[in-house]
Amino acid sequence: MMNKTALVITPHPDDETLGCGGTLLVLKNKGYQINWLIITDVFEEFGFSKEKVLSRNNEIEKVSKRYGFDKVIRVGIPTSRVDEISKGELVGKISSAFNEIKPNIIFVPFYNDVHTDHKAIAEATISCTKWFRYPYVEKVLYYETLSETDFNIDSTASRFNPKVYIDISQYLDEKLSIMKIYESEMDEFPFPRSEKAIRSLAYLRGAQCGAKAAEAFELLRANIRFEE
């Protein structure tokens, strides 16, 4: 089998683990190249302490090693300021990463997440999945992010409606272990980003597909080509 390449696009570090950490571990174990595109970052000139900047860099390095990412690209847009740059510029940055990595499978945040960074990045990514410009893209999947996907209170917005499930039973403990690297993002239940909440969602998605634990995705696009 030809080597396949996956890319997870994250507005912020920790989205990759919350949304598809178990799936990334499954793919790595299956021989896929896995890559990480981080859109935002923290900077002292935008109000973050030197300690926070160093901590974030350390977290990214540790998480990258745990997953065994083949490539990590940091775009460097200040966090919570994605909506301040033009869509064209954001599309250009994502497109550049696509052409460098040439991913077959793309994981992107759900387009109706409550966080504006997630919305903008999902919309820009869609512009980078046209088959005639990015023929290597085979599947595009939206992932769910606790406290972002489920916190949209707009009654008119489309809700996350998964149809694709990945069995992560063997990797749930490792996913939780990696998530704990982001110490400032975790807290005790009923905080959404707690070990109990993350496990509960995995068990719920598992029950929906007949697995002990799973991650769920909404399918945006799948281009299926059968070999001659």
# chains A, B, ... in the order shown; residues from 1 in each chain; ligands from 1
call {"tool": "closest_atom_pairs", "arguments": {"of": "range 38-67 of chain A", "to": "range 92-95 of chain A", "cutoff": "12 Å", "atoms": "only C-alpha atoms", "output": "CSV"}}
result
residue,atom,partner,partner_atom,distance
A:Ile38,CA,A:Ile94,CA,10.0
A:Ile39,CA,A:Ile94,CA,8.6
A:Thr40,CA,A:Lys93,CA,11.7
call {"tool": "closest_atom_pairs", "arguments": {"of": "range 78-173 of chain A", "to": "range 206-220 of chain A", "cutoff": "12 Å", "atoms": "only C-alpha atoms", "output": "JSON lines"}}
result
{"residue": "A:Ile105", "atom": "CA", "partner": "A:Leu219", "partner_atom": "CA", "distance": 11.0}
{"residue": "A:Ile106", "atom": "CA", "partner": "A:Leu220", "partner_atom": "CA", "distance": 10.0}
{"residue": "A:Phe107", "atom": "CA", "partner": "A:Phe217", "partner_atom": "CA", "distance": 8.8}
{"residue": "A:Val108", "atom": "CA", "partner": "A:Phe217", "partner_atom": "CA", "distance": 9.7}
{"residue": "A:Pro109", "atom": "CA", "partner": "A:Phe217", "partner_atom": "CA", "distance": 9.7}
{"residue": "A:Phe110", "atom": "CA", "partner": "A:Glu218", "partner_atom": "CA", "distance": 8.0}
{"residue": "A:Tyr111", "atom": "CA", "partner": "A:Glu218", "partner_atom": "CA", "distance": 10.3}
{"residue": "A:Asn112", "atom": "CA", "partner": "A:Glu218", "partner_atom": "CA", "distance": 11.8}
{"residue": "A:Ala122", "atom": "CA", "partner": "A:Leu220", "partner_atom": "CA", "distance": 10.8}
{"residue": "A:Glu123", "atom": "CA", "partner": "A:Leu220", "partner_atom": "CA", "distance": 11.7}
{"residue": "A:Thr125", "atom": "CA", "partner": "A:Leu220", "partner_atom": "CA", "distance": 11.0}
{"residue": "A:Ile126", "atom": "CA", "partner": "A:Leu220", "partner_atom": "CA", "distance": 8.7}
{"residue": "A:Thr129", "atom": "CA", "partner": "A:Leu220", "partner_atom": "CA", "distance": 9.7}
{"residue": "A:Lys130", "atom": "CA", "partner": "A:Leu220", "partner_atom": "CA", "distance": 11.6}
{"residue": "A:Val137", "atom": "CA", "partner": "A:Leu220", "partner_atom": "CA", "distance": 11.6}
{"residue": "A:Glu138", "atom": "CA", "partner": "A:Leu220", "partner_atom": "CA", "distance": 10.6}
{"residue": "A:Lys139", "atom": "CA", "partner": "A:Leu220", "partner_atom": "CA", "distance": 7.6}
{"residue": "A:Val140", "atom": "CA", "partner": "A:Leu220", "partner_atom": "CA", "distance": 5.4}
{"residue": "A:Leu141", "atom": "CA", "partner": "A:Leu219", "partner_atom": "CA", "distance": 4.7}
{"residue": "A:Tyr142", "atom": "CA", "partner": "A:Glu218", "partner_atom": "CA", "distance": 5.0}
{"residue": "A:Tyr143", "atom": "CA", "partner": "A:Phe217", "partner_atom": "CA", "distance": 5.0}
{"residue": "A:Glu144", "atom": "CA", "partner": "A:Phe217", "partner_atom": "CA", "distance": 7.0}
{"residue": "A:Thr145", "atom": "CA", "partner": "A:Ala216", "partner_atom": "CA", "distance": 10.5}
{"residue": "A:Leu146", "atom": "CA", "partner": "A:Glu215", "partner_atom": "CA", "distance": 11.9}
{"residue": "A:Thr149", "atom": "CA", "partner": "A:Phe217", "partner_atom": "CA", "distance": 11.6}
{"residue": "A:Ser158", "atom": "CA", "partner": "A:Glu218", "partner_atom": "CA", "distance": 11.7}
{"residue": "A:Arg159", "atom": "CA", "partner": "A:Glu218", "partner_atom": "CA", "distance": 10.3}
{"residue": "A:Phe160", "atom": "CA", "partner": "A:Glu218", "partner_atom": "CA", "distance": 7.1}
{"residue": "A:Asn161", "atom": "CA", "partner": "A:Glu218", "partner_atom": "CA", "distance": 6.1}
{"residue": "A:Pro162", "atom": "CA", "partner": "A:Glu218", "partner_atom": "CA", "distance": 4.4}
{"residue": "A:Lys163", "atom": "CA", "partner": "A:Glu218", "partner_atom": "CA", "distance": 5.7}
{"residue": "A:Val164", "atom": "CA", "partner": "A:Phe217", "partner_atom": "CA", "distance": 5.1}
{"residue": "A:Tyr165", "atom": "CA", "partner": "A:Ala216", "partner_atom": "CA", "distance": 4.5}
{"residue": "A:Ile166", "atom": "CA", "partner": "A:Ala214", "partner_atom": "CA", "distance": 5.4}
{"residue": "A:Asp167", "atom": "CA", "partner": "A:Ala214", "partner_atom": "CA", "distance": 4.5}
{"residue": "A:Ile168", "atom": "CA", "partner": "A:Ala214", "partner_atom": "CA", "distance": 4.9}
{"residue": "A:Ser169", "atom": "CA", "partner": "A:Ala213", "partner_atom": "CA", "distance": 4.7}
{"residue": "A:Gln170", "atom": "CA", "partner": "A:Ala213", "partner_atom": "CA", "distance": 8.4}
{"residue": "A:Tyr171", "atom": "CA", "partner": "A:Ala213", "partner_atom": "CA", "distance": 8.8}
{"residue": "A:Leu172", "atom": "CA", "partner": "A:Ala213", "partner_atom": "CA", "distance": 7.1}
{"residue": "A:Asp173", "atom": "CA", "partner": "A:Ala213", "partner_atom": "CA", "distance": 10.3}
call {"tool": "select_by_dssp", "arguments": {"residues": "range 3-220 of chain A", "states": "helix (DSSP H, G or I)", "output": "ChimeraX atom specification"}}
result
/A:15-29,44-46,50-67,82-84,87-101,116-126,172-179,183-185,195-209
call {"tool": "select_by_dssp", "arguments": {"residues": "range 24-210 of chain A", "states": "strand (DSSP E or B)", "output": "JSON, numbers by chain"}}
result
{"A": [33, 34, 35, 36, 37, 38, 39, 40, 41, 71, 72, 73, 74, 75, 76, 77, 78, 105, 106, 107, 108, 109, 139, 140, 141, 142, 143, 164, 165, 166, 167]}
call {"tool": "closest_residue", "arguments": {"among": "A:Arg81, A:Arg199, A:Met179, A:Leu27", "to": "His118 in chain A", "atoms": "only C-alpha atoms"}}
result
A:Arg81
call {"tool": "closest_residue", "arguments": {"among": "A:Val75, A:Leu204, A:Ile153, A:Val91", "to": "Pro11 in chain A", "atoms": "only C-alpha atoms"}}
result
A:Val75
call {"tool": "atom_distance", "arguments": {"atom1": "CA of Ala6 in chain A", "atom2": "CA of Lys175 in chain A"}}
result
17.4 Å
